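Undergrad: Input: one structure, supplied below.
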Amino acid sequence: MEFNKQTREQLLQQQLAAIHSDTHVLIKKMQQELQNPSGDQSEPVFIDDVLVAEAVNLLQQSVANQKEAQYELGHLYRGIGMMALSVSCFELAADNGYLAAMYWLGNFYYEGIGVDENIEKAFSYYEYAAKAGLADAMNNYADMYFRGETVPQNDEIAYHWFSKAAMLGVSESMFTLGYMFEKGVGVELDEETSLYWFEQAANNGDLYAANYLGHKAMQRAAFDEAFIWYLQAATGQDVEGEYNVGFCYEEGIGTMQNLQKAKYWYQRAALQGDTQAKEKLARF
């Protein structure tokens with residue numbers, strides 16, 4: 001099946017052609033984008049008829065003030081690199097009380113994506129969404145207290161919000177709790193509780209946590225356990241995990257030595273740009 005590939009400009013034109021109003025704020029933003037494209041529009045994207053139909057449908061619903069559609073359209077624009085329009089959609093959804101849109105606005109203002117960087121605005125969006133119950137916002141809100149960004153550094157407040165986010169399933173918060181208990185930051189040092197939270201993070205998809213647990217297992221010579229954690233990270237396509245599994249197979253650490261499997265995992269890591277893996281492959 002052949003798709004009709006189109007440009008970002010063509011996408012906007014087809015969306016606008018399906019709308020019979022030019023007074024809505026989003027329509028005006030789209031018209032401005034056509035006249036003066038923002039950001040780097042030279043990067044190629046794949047826009048097919050299916051995406052066009054979805055974009056038209058979401059725009060029609062967005063103009064009808066449906067916040068879920070405004071939010072989804074924001075992600076559609078984000079996915080094809082139209083960040084200024086993505087921000088506009090998230091702002092509409094946020095004005096309608098959509099918490100996830102506030103979280104993404106916080107991310108955009110924090111990173112300066114589609115808008116000028118503004119850490120204070122990012123904090124405000126995170127704070128509102130966190131206190132309204134959005135778990136991902138709780139994590140970022142806690143992190144700003146943990147780092148002392150725009151607010152005085154406060155480990156106790158950070159711990160409170162990391163704990164709430166972790167209980168709601170945010171793996172990044174689980175990992176940070178592991179770190180806090182490991183180092184005694186804001187809490188009493190507790191190695192057992194630290195390991196519990198690192199394991200929770202890894203089992204909830206945090207690949208960095210899986211690698212970290214592998215390193216800790218290596219330090220106490222629990223080689224079989226280390227290999228299992230490294231393999232978990234590697235199967236998630238984590239480049240460090242791929243290298244570590246390759247090393248374990250090469251040296252026979254935690255598993256039977258197998259140079260063919262070692263080469264396979266080094267190749268996977270090398271394809272992701274890992275310099276050490278490339279050096280290993282040059283010796284095979």
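If you're wondering about the labels, chains in the structure tokens are A, B, ... by order shown, residues count from 1 in each chain, ligands from 1 in order shown.
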Any idea what's packed within 10 Å of Ser194 in chain A, counting only C-alpha atoms, ignoring anything in its chain fewer than 2 positions away? Could you give it as JSON, numbers by chain?
TA: {"A": [174, 175, 176, 177, 178, 179, 180, 181, 182, 183, 184, 189, 190, 191, 192, 196, 197, 198, 199, 200]}
Undergrad: Neighbours of range 154-165 of chain A within 7 Å (only C-alpha atoms; same-chain residues fewer than 6 positions away dropped), as a ChimeraX atom specification?
TA: /A:135-136,138-139,142-143,145-146,148,173,177,185-186
Undergrad: Could you write those residues out with all heavy atoms, as a compact mmCIF listing (two decimals), in the first residue's frame?
TA:
```txt
# COMPACT_ATOMS: atom_id res chain seq x y z
N ALA A 135 0.49 12.06 39.08
CA ALA A 135 1.69 11.42 39.62
C ALA A 135 2.97 11.92 38.96
O ALA A 135 3.97 12.20 39.64
CB ALA A 135 1.59 9.91 39.47
N ASP A 136 3.01 12.02 37.62
CA ASP A 136 4.23 12.46 36.94
C ASP A 136 4.60 13.88 37.35
O ASP A 136 5.78 14.22 37.47
CB ASP A 136 4.04 12.39 35.43
CG ASP A 136 4.09 10.96 34.91
OD1 ASP A 136 4.79 10.13 35.52
OD2 ASP A 136 3.42 10.67 33.90
N MET A 138 3.92 15.18 40.26
CA MET A 138 4.45 15.06 41.62
C MET A 138 5.95 14.80 41.60
O MET A 138 6.71 15.37 42.37
CB MET A 138 3.75 13.91 42.36
CG MET A 138 2.30 14.14 42.69
SD MET A 138 1.59 12.65 43.46
CE MET A 138 -0.15 13.09 43.50
N ASN A 139 6.38 13.91 40.69
CA ASN A 139 7.81 13.59 40.59
C ASN A 139 8.63 14.81 40.23
O ASN A 139 9.66 15.10 40.86
CB ASN A 139 8.02 12.50 39.56
CG ASN A 139 9.48 12.20 39.33
OD1 ASN A 139 10.13 11.54 40.14
ND2 ASN A 139 10.05 12.71 38.24
N ALA A 142 8.64 17.36 43.06
CA ALA A 142 9.57 16.92 44.09
C ALA A 142 11.01 17.16 43.67
O ALA A 142 11.85 17.59 44.47
CB ALA A 142 9.35 15.42 44.37
N ASP A 143 11.30 16.90 42.41
CA ASP A 143 12.66 17.03 41.91
C ASP A 143 13.15 18.48 42.00
O ASP A 143 14.34 18.72 42.25
CB ASP A 143 12.73 16.55 40.47
CG ASP A 143 14.12 16.08 40.08
OD1 ASP A 143 14.76 15.40 40.89
OD2 ASP A 143 14.57 16.41 38.98
N TYR A 145 12.31 20.64 44.30
CA TYR A 145 12.69 20.85 45.70
C TYR A 145 13.99 20.11 46.02
O TYR A 145 14.83 20.60 46.77
CB TYR A 145 11.59 20.38 46.64
CG TYR A 145 10.54 21.43 46.91
CD1 TYR A 145 9.29 21.37 46.32
CD2 TYR A 145 10.81 22.51 47.77
CE1 TYR A 145 8.33 22.35 46.56
CE2 TYR A 145 9.87 23.48 48.01
CZ TYR A 145 8.63 23.40 47.41
OH TYR A 145 7.69 24.38 47.65
N PHE A 146 14.16 18.94 45.43
CA PHE A 146 15.35 18.14 45.66
C PHE A 146 16.60 18.86 45.16
O PHE A 146 17.66 18.80 45.78
CB PHE A 146 15.18 16.79 44.94
CG PHE A 146 16.16 15.74 45.36
CD1 PHE A 146 16.32 15.39 46.69
CD2 PHE A 146 16.91 15.06 44.42
CE1 PHE A 146 17.21 14.40 47.08
CE2 PHE A 146 17.80 14.07 44.78
CZ PHE A 146 17.95 13.73 46.12
N GLY A 148 16.58 22.22 44.46
CA GLY A 148 16.55 23.62 44.84
C GLY A 148 16.41 24.55 43.65
O GLY A 148 17.07 25.58 43.57
N SER A 173 10.58 8.19 40.54
CA SER A 173 10.48 8.51 41.96
C SER A 173 10.95 7.34 42.82
O SER A 173 11.61 7.53 43.85
CB SER A 173 9.05 8.88 42.33
OG SER A 173 8.68 10.11 41.77
N LEU A 177 13.95 7.55 45.58
CA LEU A 177 13.79 7.10 46.96
C LEU A 177 14.90 6.11 47.32
O LEU A 177 15.44 6.15 48.44
CB LEU A 177 12.42 6.46 47.17
CG LEU A 177 11.22 7.41 47.18
CD1 LEU A 177 9.93 6.62 47.30
CD2 LEU A 177 11.33 8.42 48.32
N VAL A 185 19.74 10.80 52.63
CA VAL A 185 19.40 12.17 52.24
C VAL A 185 17.93 12.42 52.55
O VAL A 185 17.04 11.83 51.92
CB VAL A 185 19.66 12.41 50.74
CG1 VAL A 185 19.22 13.81 50.34
CG2 VAL A 185 21.13 12.19 50.41
N GLY A 186 17.65 13.26 53.54
CA GLY A 186 16.27 13.57 53.91
C GLY A 186 15.60 12.48 54.72
O GLY A 186 14.48 12.66 55.21
```
Undergrad: Show me, as a list in words, the residues that have an atom within 12 Å of Gln60 in chain A when counting only C-alpha atoms, minus same-chain residues fewer than 4 positions from it.
TA: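 Counting only C-alpha atoms, the residues come to Gln14, Gln15, Leu16, Ala17, Ala18, Ile19, His20, Ser21, His24, Leu26, Ile27, Ala53, Glu54, Ala55, Val56, Ala64, Asn65, Gln66, Lys67, Ala69, Gln70 and Leu73 of chain A.
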Undergrad: Store the residues picked out above in a file with C-alpha atoms, as an mmCIF file, in the first residue's frame.
TA:
```
data_model
loop_
_atom_site.group_PDB
_atom_site.id
_atom_site.type_symbol
_atom_site.label_atom_id
_atom_site.label_comp_id
_atom_site.auth_asym_id
_atom_site.auth_seq_id
_atom_site.Cartn_x
_atom_site.Cartn_y
_atom_site.Cartn_z
ATOM 1 C CA GLN A 14 -5.646 20.411 4.855
ATOM 2 C CA GLN A 15 -6.622 20.878 8.471
ATOM 3 C CA LEU A 16 -7.573 24.509 7.927
ATOM 4 C CA ALA A 17 -9.545 23.617 4.810
ATOM 5 C CA ALA A 18 -11.777 21.383 6.919
ATOM 6 C CA ILE A 19 -12.595 24.132 9.439
ATOM 7 C CA HIS A 20 -15.221 26.793 8.697
ATOM 8 C CA SER A 21 -14.082 29.295 11.300
ATOM 9 C CA HIS A 24 -10.673 30.392 17.117
ATOM 10 C CA LEU A 26 -5.874 27.757 17.544
ATOM 11 C CA ILE A 27 -6.851 28.527 13.952
ATOM 12 C CA ALA A 53 -7.351 12.327 8.819
ATOM 13 C CA GLU A 54 -6.532 12.037 12.521
ATOM 14 C CA ALA A 55 -5.200 15.603 12.625
ATOM 15 C CA VAL A 56 -8.306 16.983 10.900
ATOM 16 C CA ALA A 64 -15.324 22.551 19.631
ATOM 17 C CA ASN A 65 -13.466 22.928 22.957
ATOM 18 C CA GLN A 66 -12.969 19.233 23.708
ATOM 19 C CA LYS A 67 -9.968 19.177 26.033
ATOM 20 C CA ALA A 69 -8.727 16.300 21.654
ATOM 21 C CA GLN A 70 -6.712 19.454 22.360
ATOM 22 C CA LEU A 73 -3.511 17.172 19.023
#
```
Undergrad: Could you write out, as a short mmCIF file (atom, residue, chain, number, x, y, z; two decimals) with N, CA and C atoms, in the first residue's frame, all the residues of range 27-213 of chain A that DSSP marks as alpha helix (DSSP H)?
TA:
```
data_model
loop_
_atom_site.label_atom_id
_atom_site.label_comp_id
_atom_site.auth_asym_id
_atom_site.auth_seq_id
_atom_site.Cartn_x
_atom_site.Cartn_y
_atom_site.Cartn_z
N ILE A 27 -6.88 28.29 15.40
CA ILE A 27 -6.85 28.53 13.95
C ILE A 27 -5.91 29.68 13.63
N LYS A 28 -5.96 30.72 14.43
CA LYS A 28 -5.07 31.86 14.22
C LYS A 28 -3.60 31.45 14.39
N LYS A 29 -3.35 30.61 15.38
CA LYS A 29 -1.98 30.13 15.61
C LYS A 29 -1.49 29.31 14.41
N MET A 30 -2.37 28.51 13.85
CA MET A 30 -2.00 27.69 12.70
C MET A 30 -1.74 28.55 11.47
N GLN A 31 -2.55 29.58 11.29
CA GLN A 31 -2.34 30.50 10.17
C GLN A 31 -1.01 31.23 10.32
N GLN A 32 -0.68 31.60 11.55
CA GLN A 32 0.61 32.26 11.81
C GLN A 32 1.76 31.31 11.52
N GLU A 33 1.57 30.05 11.87
CA GLU A 33 2.62 29.05 11.64
C GLU A 33 2.86 28.86 10.14
N LEU A 34 1.81 28.91 9.35
CA LEU A 34 1.96 28.80 7.90
C LEU A 34 2.73 29.98 7.33
N GLN A 35 2.45 31.17 7.85
CA GLN A 35 3.11 32.37 7.34
C GLN A 35 4.55 32.48 7.83
N ASP A 49 -1.85 9.74 4.81
CA ASP A 49 -3.27 10.08 4.80
C ASP A 49 -3.95 9.75 6.13
N VAL A 50 -3.48 8.70 6.79
CA VAL A 50 -4.07 8.32 8.08
C VAL A 50 -3.82 9.41 9.11
N LEU A 51 -2.57 9.92 9.16
CA LEU A 51 -2.24 10.97 10.11
C LEU A 51 -3.01 12.25 9.79
N VAL A 52 -3.15 12.57 8.51
CA VAL A 52 -3.90 13.76 8.11
C VAL A 52 -5.34 13.67 8.60
N ALA A 53 -5.96 12.52 8.39
CA ALA A 53 -7.35 12.33 8.82
C ALA A 53 -7.47 12.48 10.33
N GLU A 54 -6.52 11.92 11.07
CA GLU A 54 -6.53 12.04 12.52
C GLU A 54 -6.37 13.50 12.95
N ALA A 55 -5.45 14.20 12.29
CA ALA A 55 -5.20 15.60 12.63
C ALA A 55 -6.42 16.47 12.36
N VAL A 56 -7.09 16.22 11.23
CA VAL A 56 -8.31 16.98 10.90
C VAL A 56 -9.39 16.73 11.95
N ASN A 57 -9.57 15.47 12.31
CA ASN A 57 -10.59 15.11 13.30
C ASN A 57 -10.30 15.75 14.65
N LEU A 58 -9.04 15.70 15.07
CA LEU A 58 -8.67 16.28 16.36
C LEU A 58 -8.82 17.80 16.36
N LEU A 59 -8.51 18.42 15.24
CA LEU A 59 -8.67 19.88 15.15
C LEU A 59 -10.15 20.26 15.25
N GLN A 60 -11.00 19.53 14.56
CA GLN A 60 -12.43 19.83 14.63
C GLN A 60 -12.95 19.71 16.06
N GLN A 61 -12.51 18.70 16.77
CA GLN A 61 -12.93 18.52 18.16
C GLN A 61 -12.30 19.59 19.07
N SER A 62 -11.06 19.96 18.75
CA SER A 62 -10.37 20.98 19.56
C SER A 62 -11.06 22.32 19.46
N VAL A 63 -11.46 22.68 18.24
CA VAL A 63 -12.17 23.95 18.04
C VAL A 63 -13.52 23.92 18.74
N LYS A 67 -11.33 19.11 25.47
CA LYS A 67 -9.97 19.18 26.03
C LYS A 67 -9.13 17.94 25.73
N GLU A 68 -9.77 16.76 25.69
CA GLU A 68 -9.01 15.55 25.38
C GLU A 68 -8.42 15.63 23.97
N ALA A 69 -9.21 16.15 23.03
CA ALA A 69 -8.73 16.30 21.65
C ALA A 69 -7.62 17.34 21.58
N GLN A 70 -7.75 18.42 22.33
CA GLN A 70 -6.71 19.45 22.36
C GLN A 70 -5.39 18.86 22.85
N TYR A 71 -5.50 18.03 23.87
CA TYR A 71 -4.31 17.37 24.42
C TYR A 71 -3.69 16.41 23.40
N GLU A 72 -4.52 15.58 22.77
CA GLU A 72 -4.01 14.63 21.79
C GLU A 72 -3.43 15.33 20.57
N LEU A 73 -4.05 16.42 20.15
CA LEU A 73 -3.51 17.17 19.02
C LEU A 73 -2.16 17.77 19.38
N GLY A 74 -2.01 18.18 20.64
CA GLY A 74 -0.71 18.67 21.10
C GLY A 74 0.37 17.63 20.94
N HIS A 75 0.06 16.38 21.26
CA HIS A 75 1.04 15.30 21.10
C HIS A 75 1.27 14.97 19.62
N LEU A 76 0.24 15.09 18.81
CA LEU A 76 0.43 14.86 17.38
C LEU A 76 1.42 15.87 16.81
N TYR A 77 1.24 17.13 17.14
CA TYR A 77 2.16 18.16 16.66
C TYR A 77 3.56 17.95 17.25
N ARG A 78 3.61 17.54 18.51
CA ARG A 78 4.92 17.29 19.14
C ARG A 78 5.66 16.18 18.41
N GLY A 79 4.92 15.16 17.99
CA GLY A 79 5.53 14.03 17.33
C GLY A 79 6.12 14.34 15.97
N MET A 83 6.54 22.27 17.57
CA MET A 83 6.47 22.46 19.00
C MET A 83 5.65 23.68 19.42
N ALA A 84 5.71 24.75 18.65
CA ALA A 84 4.94 25.94 19.01
C ALA A 84 3.44 25.64 18.99
N LEU A 85 2.99 24.90 17.98
CA LEU A 85 1.58 24.52 17.92
C LEU A 85 1.24 23.50 19.01
N SER A 86 2.18 22.64 19.32
CA SER A 86 1.98 21.69 20.42
C SER A 86 1.70 22.44 21.71
N VAL A 87 2.50 23.48 21.97
CA VAL A 87 2.31 24.30 23.17
C VAL A 87 0.92 24.93 23.16
N SER A 88 0.51 25.46 22.02
CA SER A 88 -0.81 26.11 21.93
C SER A 88 -1.93 25.14 22.28
N CYS A 89 -1.82 23.91 21.79
CA CYS A 89 -2.84 22.91 22.10
C CYS A 89 -2.84 22.54 23.58
N PHE A 90 -1.66 22.35 24.14
CA PHE A 90 -1.58 22.03 25.56
C PHE A 90 -2.12 23.18 26.41
N GLU A 91 -1.87 24.41 25.98
CA GLU A 91 -2.39 25.56 26.73
C GLU A 91 -3.92 25.57 26.73
N LEU A 92 -4.52 25.25 25.59
CA LEU A 92 -5.98 25.18 25.53
C LEU A 92 -6.51 24.10 26.46
N ALA A 93 -5.89 22.92 26.42
CA ALA A 93 -6.32 21.82 27.28
C ALA A 93 -6.11 22.17 28.75
N ALA A 94 -4.99 22.81 29.05
CA ALA A 94 -4.71 23.20 30.44
C ALA A 94 -5.73 24.22 30.94
N ASP A 95 -6.08 25.17 30.08
CA ASP A 95 -7.11 26.15 30.46
C ASP A 95 -8.44 25.48 30.75
N LEU A 99 -5.06 18.05 33.44
CA LEU A 99 -3.83 18.04 34.25
C LEU A 99 -2.61 17.57 33.46
N ALA A 100 -2.79 16.56 32.61
CA ALA A 100 -1.64 16.06 31.85
C ALA A 100 -1.09 17.13 30.92
N ALA A 101 -1.94 18.02 30.42
CA ALA A 101 -1.48 19.12 29.58
C ALA A 101 -0.63 20.09 30.40
N MET A 102 -1.00 20.31 31.64
CA MET A 102 -0.20 21.18 32.52
C MET A 102 1.18 20.58 32.75
N TYR A 103 1.21 19.27 32.94
CA TYR A 103 2.49 18.58 33.12
C TYR A 103 3.39 18.78 31.91
N TRP A 104 2.83 18.64 30.70
CA TRP A 104 3.64 18.80 29.50
C TRP A 104 4.05 20.24 29.29
N LEU A 105 3.22 21.18 29.66
CA LEU A 105 3.62 22.58 29.59
C LEU A 105 4.79 22.83 30.55
N GLY A 106 4.73 22.19 31.71
CA GLY A 106 5.85 22.30 32.64
C GLY A 106 7.14 21.79 32.00
N ASN A 107 7.05 20.65 31.31
CA ASN A 107 8.23 20.10 30.64
C ASN A 107 8.76 21.05 29.57
N PHE A 108 7.84 21.63 28.78
CA PHE A 108 8.25 22.52 27.69
C PHE A 108 8.90 23.78 28.22
N TYR A 109 8.32 24.36 29.26
CA TYR A 109 8.92 25.57 29.84
C TYR A 109 10.24 25.25 30.54
N TYR A 110 10.34 24.07 31.12
CA TYR A 110 11.59 23.69 31.79
C TYR A 110 12.72 23.54 30.78
N GLU A 111 12.42 22.94 29.64
CA GLU A 111 13.44 22.67 28.62
C GLU A 111 13.55 23.79 27.58
N ILE A 119 11.82 28.52 34.10
CA ILE A 119 11.78 27.53 35.17
C ILE A 119 10.66 27.84 36.16
N GLU A 120 10.41 29.13 36.38
CA GLU A 120 9.35 29.50 37.31
C GLU A 120 7.98 29.04 36.81
N LYS A 121 7.72 29.22 35.52
CA LYS A 121 6.45 28.75 34.96
C LYS A 121 6.37 27.23 35.02
N ALA A 122 7.48 26.58 34.74
CA ALA A 122 7.49 25.11 34.82
C ALA A 122 7.10 24.67 36.22
N PHE A 123 7.70 25.31 37.21
CA PHE A 123 7.40 24.97 38.60
C PHE A 123 5.91 25.16 38.90
N SER A 124 5.35 26.26 38.42
CA SER A 124 3.93 26.54 38.68
C SER A 124 3.03 25.46 38.09
N TYR A 125 3.33 25.05 36.86
CA TYR A 125 2.52 24.00 36.24
C TYR A 125 2.66 22.68 36.99
N TYR A 126 3.89 22.33 37.35
CA TYR A 126 4.11 21.08 38.10
C TYR A 126 3.38 21.13 39.44
N GLU A 127 3.49 22.27 40.11
CA GLU A 127 2.87 22.40 41.44
C GLU A 127 1.36 22.21 41.36
N TYR A 128 0.73 22.89 40.43
CA TYR A 128 -0.72 22.79 40.31
C TYR A 128 -1.14 21.35 40.01
N ALA A 129 -0.50 20.74 39.01
CA ALA A 129 -0.88 19.39 38.61
C ALA A 129 -0.57 18.38 39.71
N ALA A 130 0.55 18.58 40.41
CA ALA A 130 0.92 17.66 41.49
C ALA A 130 -0.11 17.71 42.61
N LYS A 131 -0.47 18.90 43.03
CA LYS A 131 -1.41 19.05 44.14
C LYS A 131 -2.82 18.62 43.74
N ALA A 135 0.49 12.06 39.08
CA ALA A 135 1.69 11.42 39.62
C ALA A 135 2.97 11.92 38.96
N ASP A 136 3.01 12.02 37.62
CA ASP A 136 4.23 12.46 36.94
C ASP A 136 4.60 13.88 37.35
N ALA A 137 3.59 14.73 37.55
CA ALA A 137 3.86 16.09 38.00
C ALA A 137 4.41 16.09 39.42
N MET A 138 3.92 15.18 40.26
CA MET A 138 4.45 15.06 41.62
C MET A 138 5.95 14.80 41.60
N ASN A 139 6.38 13.91 40.69
CA ASN A 139 7.81 13.59 40.59
C ASN A 139 8.63 14.81 40.23
N ASN A 140 8.19 15.56 39.23
CA ASN A 140 8.95 16.72 38.79
C ASN A 140 8.90 17.85 39.81
N TYR A 141 7.77 17.99 40.48
CA TYR A 141 7.63 18.98 41.55
C TYR A 141 8.59 18.64 42.69
N ALA A 142 8.64 17.36 43.06
CA ALA A 142 9.57 16.92 44.09
C ALA A 142 11.01 17.16 43.67
N ASP A 143 11.30 16.90 42.41
CA ASP A 143 12.66 17.03 41.91
C ASP A 143 13.15 18.48 42.00
N MET A 144 12.26 19.42 41.82
CA MET A 144 12.67 20.83 41.90
C MET A 144 13.01 21.22 43.33
N TYR A 145 12.31 20.64 44.30
CA TYR A 145 12.69 20.85 45.70
C TYR A 145 13.99 20.11 46.02
N PHE A 146 14.16 18.94 45.43
CA PHE A 146 15.35 18.14 45.66
C PHE A 146 16.60 18.86 45.16
N ARG A 147 16.46 19.56 44.02
CA ARG A 147 17.59 20.27 43.42
C ARG A 147 17.66 21.74 43.86
N ASP A 155 14.90 18.63 51.30
CA ASP A 155 14.84 17.18 51.13
C ASP A 155 13.56 16.58 51.70
N GLU A 156 13.05 17.18 52.79
CA GLU A 156 11.85 16.63 53.42
C GLU A 156 10.63 16.78 52.51
N ILE A 157 10.47 17.96 51.91
CA ILE A 157 9.35 18.16 50.98
C ILE A 157 9.53 17.25 49.76
N ALA A 158 10.77 17.17 49.27
CA ALA A 158 11.04 16.31 48.12
C ALA A 158 10.67 14.86 48.43
N TYR A 159 11.07 14.39 49.60
CA TYR A 159 10.76 13.00 49.99
C TYR A 159 9.25 12.78 50.03
N HIS A 160 8.52 13.74 50.57
CA HIS A 160 7.06 13.62 50.66
C HIS A 160 6.45 13.39 49.28
N TRP A 161 6.85 14.20 48.31
CA TRP A 161 6.24 14.11 46.98
C TRP A 161 6.79 12.95 46.17
N PHE A 162 8.07 12.62 46.34
CA PHE A 162 8.59 11.43 45.69
C PHE A 162 7.85 10.18 46.18
N SER A 163 7.56 10.15 47.48
CA SER A 163 6.86 9.00 48.05
C SER A 163 5.46 8.87 47.47
N LYS A 164 4.76 10.00 47.36
CA LYS A 164 3.41 9.97 46.79
C LYS A 164 3.45 9.49 45.33
N ALA A 165 4.42 10.01 44.56
CA ALA A 165 4.52 9.62 43.15
C ALA A 165 4.90 8.15 43.03
N ALA A 166 5.81 7.69 43.88
CA ALA A 166 6.23 6.28 43.83
C ALA A 166 5.06 5.35 44.13
N MET A 167 4.25 5.71 45.09
CA MET A 167 3.10 4.88 45.43
C MET A 167 2.08 4.84 44.29
N SER A 171 8.29 5.25 38.27
CA SER A 171 9.54 4.53 38.51
C SER A 171 10.70 5.48 38.83
N GLU A 172 10.70 6.66 38.21
CA GLU A 172 11.77 7.62 38.49
C GLU A 172 11.77 8.02 39.96
N SER A 173 10.58 8.19 40.54
CA SER A 173 10.48 8.51 41.96
C SER A 173 10.95 7.34 42.82
N MET A 174 10.64 6.13 42.39
CA MET A 174 11.11 4.95 43.11
C MET A 174 12.63 4.92 43.16
N PHE A 175 13.26 5.23 42.02
CA PHE A 175 14.72 5.22 41.99
C PHE A 175 15.29 6.29 42.91
N THR A 176 14.69 7.48 42.90
CA THR A 176 15.19 8.56 43.74
C THR A 176 15.04 8.21 45.21
N LEU A 177 13.95 7.55 45.58
CA LEU A 177 13.79 7.10 46.96
C LEU A 177 14.90 6.11 47.32
N GLY A 178 15.23 5.23 46.38
CA GLY A 178 16.34 4.31 46.62
C GLY A 178 17.62 5.05 46.91
N TYR A 179 17.89 6.09 46.13
CA TYR A 179 19.08 6.91 46.33
C TYR A 179 19.04 7.60 47.69
N MET A 180 17.89 8.16 48.06
CA MET A 180 17.78 8.89 49.32
C MET A 180 18.05 7.98 50.50
N PHE A 181 17.49 6.76 50.47
CA PHE A 181 17.73 5.83 51.57
C PHE A 181 19.16 5.28 51.54
N GLU A 182 19.74 5.15 50.36
CA GLU A 182 21.11 4.67 50.25
C GLU A 182 22.10 5.66 50.85
N LYS A 183 21.85 6.95 50.61
CA LYS A 183 22.77 8.00 51.05
C LYS A 183 22.35 8.68 52.36
N GLU A 191 19.82 0.63 54.05
CA GLU A 191 20.22 -0.12 52.86
C GLU A 191 19.11 -1.06 52.38
N GLU A 192 18.41 -1.68 53.31
CA GLU A 192 17.36 -2.61 52.91
C GLU A 192 16.22 -1.89 52.19
N THR A 193 15.81 -0.74 52.74
CA THR A 193 14.74 0.03 52.08
C THR A 193 15.23 0.61 50.76
N SER A 194 16.51 0.98 50.73
CA SER A 194 17.10 1.48 49.49
C SER A 194 17.00 0.44 48.39
N LEU A 195 17.41 -0.79 48.68
CA LEU A 195 17.35 -1.87 47.69
C LEU A 195 15.91 -2.14 47.26
N TYR A 196 15.00 -2.06 48.21
CA TYR A 196 13.59 -2.29 47.88
C TYR A 196 13.13 -1.30 46.81
N TRP A 197 13.47 -0.02 46.99
CA TRP A 197 12.99 0.98 46.04
C TRP A 197 13.73 0.88 44.70
N PHE A 198 15.00 0.55 44.73
CA PHE A 198 15.72 0.33 43.47
C PHE A 198 15.08 -0.83 42.69
N GLU A 199 14.74 -1.90 43.40
CA GLU A 199 14.12 -3.04 42.75
C GLU A 199 12.73 -2.70 42.22
N GLN A 200 11.98 -1.91 43.00
CA GLN A 200 10.67 -1.47 42.53
C GLN A 200 10.81 -0.66 41.24
N ALA A 201 11.80 0.22 41.21
CA ALA A 201 12.03 1.04 40.02
C ALA A 201 12.37 0.17 38.82
N ALA A 202 13.28 -0.78 39.02
CA ALA A 202 13.68 -1.66 37.92
C ALA A 202 12.51 -2.49 37.41
N ASN A 203 11.73 -3.00 38.33
CA ASN A 203 10.60 -3.85 37.95
C ASN A 203 9.45 -3.05 37.34
N LEU A 207 15.30 1.30 33.41
CA LEU A 207 16.46 0.53 32.96
C LEU A 207 17.73 0.96 33.67
N TYR A 208 17.83 2.24 34.02
CA TYR A 208 18.99 2.72 34.78
C TYR A 208 19.04 2.01 36.13
N ALA A 209 17.88 1.83 36.74
CA ALA A 209 17.83 1.14 38.03
C ALA A 209 18.28 -0.31 37.89
N ALA A 210 17.89 -0.95 36.79
CA ALA A 210 18.31 -2.34 36.58
C ALA A 210 19.83 -2.43 36.46
N ASN A 211 20.43 -1.53 35.70
CA ASN A 211 21.89 -1.50 35.60
C ASN A 211 22.54 -1.23 36.95
N TYR A 212 21.97 -0.29 37.68
CA TYR A 212 22.52 0.08 38.98
C TYR A 212 22.50 -1.11 39.93
N LEU A 213 21.41 -1.86 39.92
CA LEU A 213 21.32 -3.06 40.75
C LEU A 213 22.34 -4.10 40.31
#
```
Undergrad: Could you check the closest approach to Asn244 in chain A for each of A:Val187, A:Ala262, A:Met256, A:Ile80 and tell me which residue wins, using only C-alpha atoms?
TA: A:Ala262
Undergrad: Between CA of Leu168 in chain A and CA of Glu225 in chain A, what is the spacing in Å?
TA: 27.4 Å
Undergrad: Using only C-alpha atoms, which protein or nucleic acid residues come within 12 Å of Leu271 in chain A? Drop anything in the same chain fewer than 4 positions from it, and give the result as a list in words.
TA: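 The filter keeps Gln237, Asp238, Val239, Glu242, Tyr243, Tyr264, Trp265, Tyr266, Gln267, Thr275, Gln276, Ala277, Lys278 and Leu281 of chain A.
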Undergrad: Would you mind listing what lies within 7 Å of Phe227 in chain A as a list in words, with only C-alpha atoms counted and same-chain residues fewer than 3 positions away left out?
TA: Gly214, Phe223, Asp224, Tyr230, Leu231, Val245, Cys248 and Gly254 of chain A
Undergrad: Since we have the selection now, will you write its residues out, keeping N, CA, C and O atoms, as a compact mmCIF listing (two decimals), in the first residue's frame?
TA:
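New file again_2.txt:
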```
# COMPACT_ATOMS: atom_id res chain seq x y z
N GLY A 214 22.58 -4.16 39.00
CA GLY A 214 23.62 -5.06 38.50
C GLY A 214 24.98 -4.69 39.04
O GLY A 214 25.76 -5.56 39.48
N PHE A 223 27.35 -12.55 41.26
CA PHE A 223 27.49 -12.45 39.81
C PHE A 223 26.24 -12.94 39.04
O PHE A 223 25.87 -12.35 38.03
N ASP A 224 25.62 -14.01 39.54
CA ASP A 224 24.40 -14.49 38.86
C ASP A 224 23.31 -13.43 38.90
O ASP A 224 22.61 -13.20 37.90
N TYR A 230 21.49 -6.98 34.54
CA TYR A 230 22.03 -6.43 33.29
C TYR A 230 21.20 -6.88 32.09
O TYR A 230 20.93 -6.10 31.18
N LEU A 231 20.79 -8.16 32.11
CA LEU A 231 20.01 -8.68 31.00
C LEU A 231 18.64 -8.00 30.93
O LEU A 231 18.13 -7.72 29.83
N VAL A 245 25.97 -6.93 29.42
CA VAL A 245 25.66 -8.33 29.11
C VAL A 245 26.74 -8.91 28.20
O VAL A 245 27.19 -10.05 28.39
N CYS A 248 29.67 -9.73 30.37
CA CYS A 248 29.44 -10.93 31.17
C CYS A 248 29.62 -12.19 30.33
O CYS A 248 30.23 -13.17 30.79
N GLY A 254 28.63 -14.65 35.83
CA GLY A 254 27.21 -14.85 36.10
C GLY A 254 26.52 -15.71 35.07
O GLY A 254 25.31 -15.95 35.16
```
Undergrad: Using CA of Gln219 in chain A and CA of Thr235 in chain A as the two end points, give the distance in Å to one decimal.
TA: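 Pair CA of Gln219 in chain A / CA of Thr235 in chain A returns 22.3 Å.
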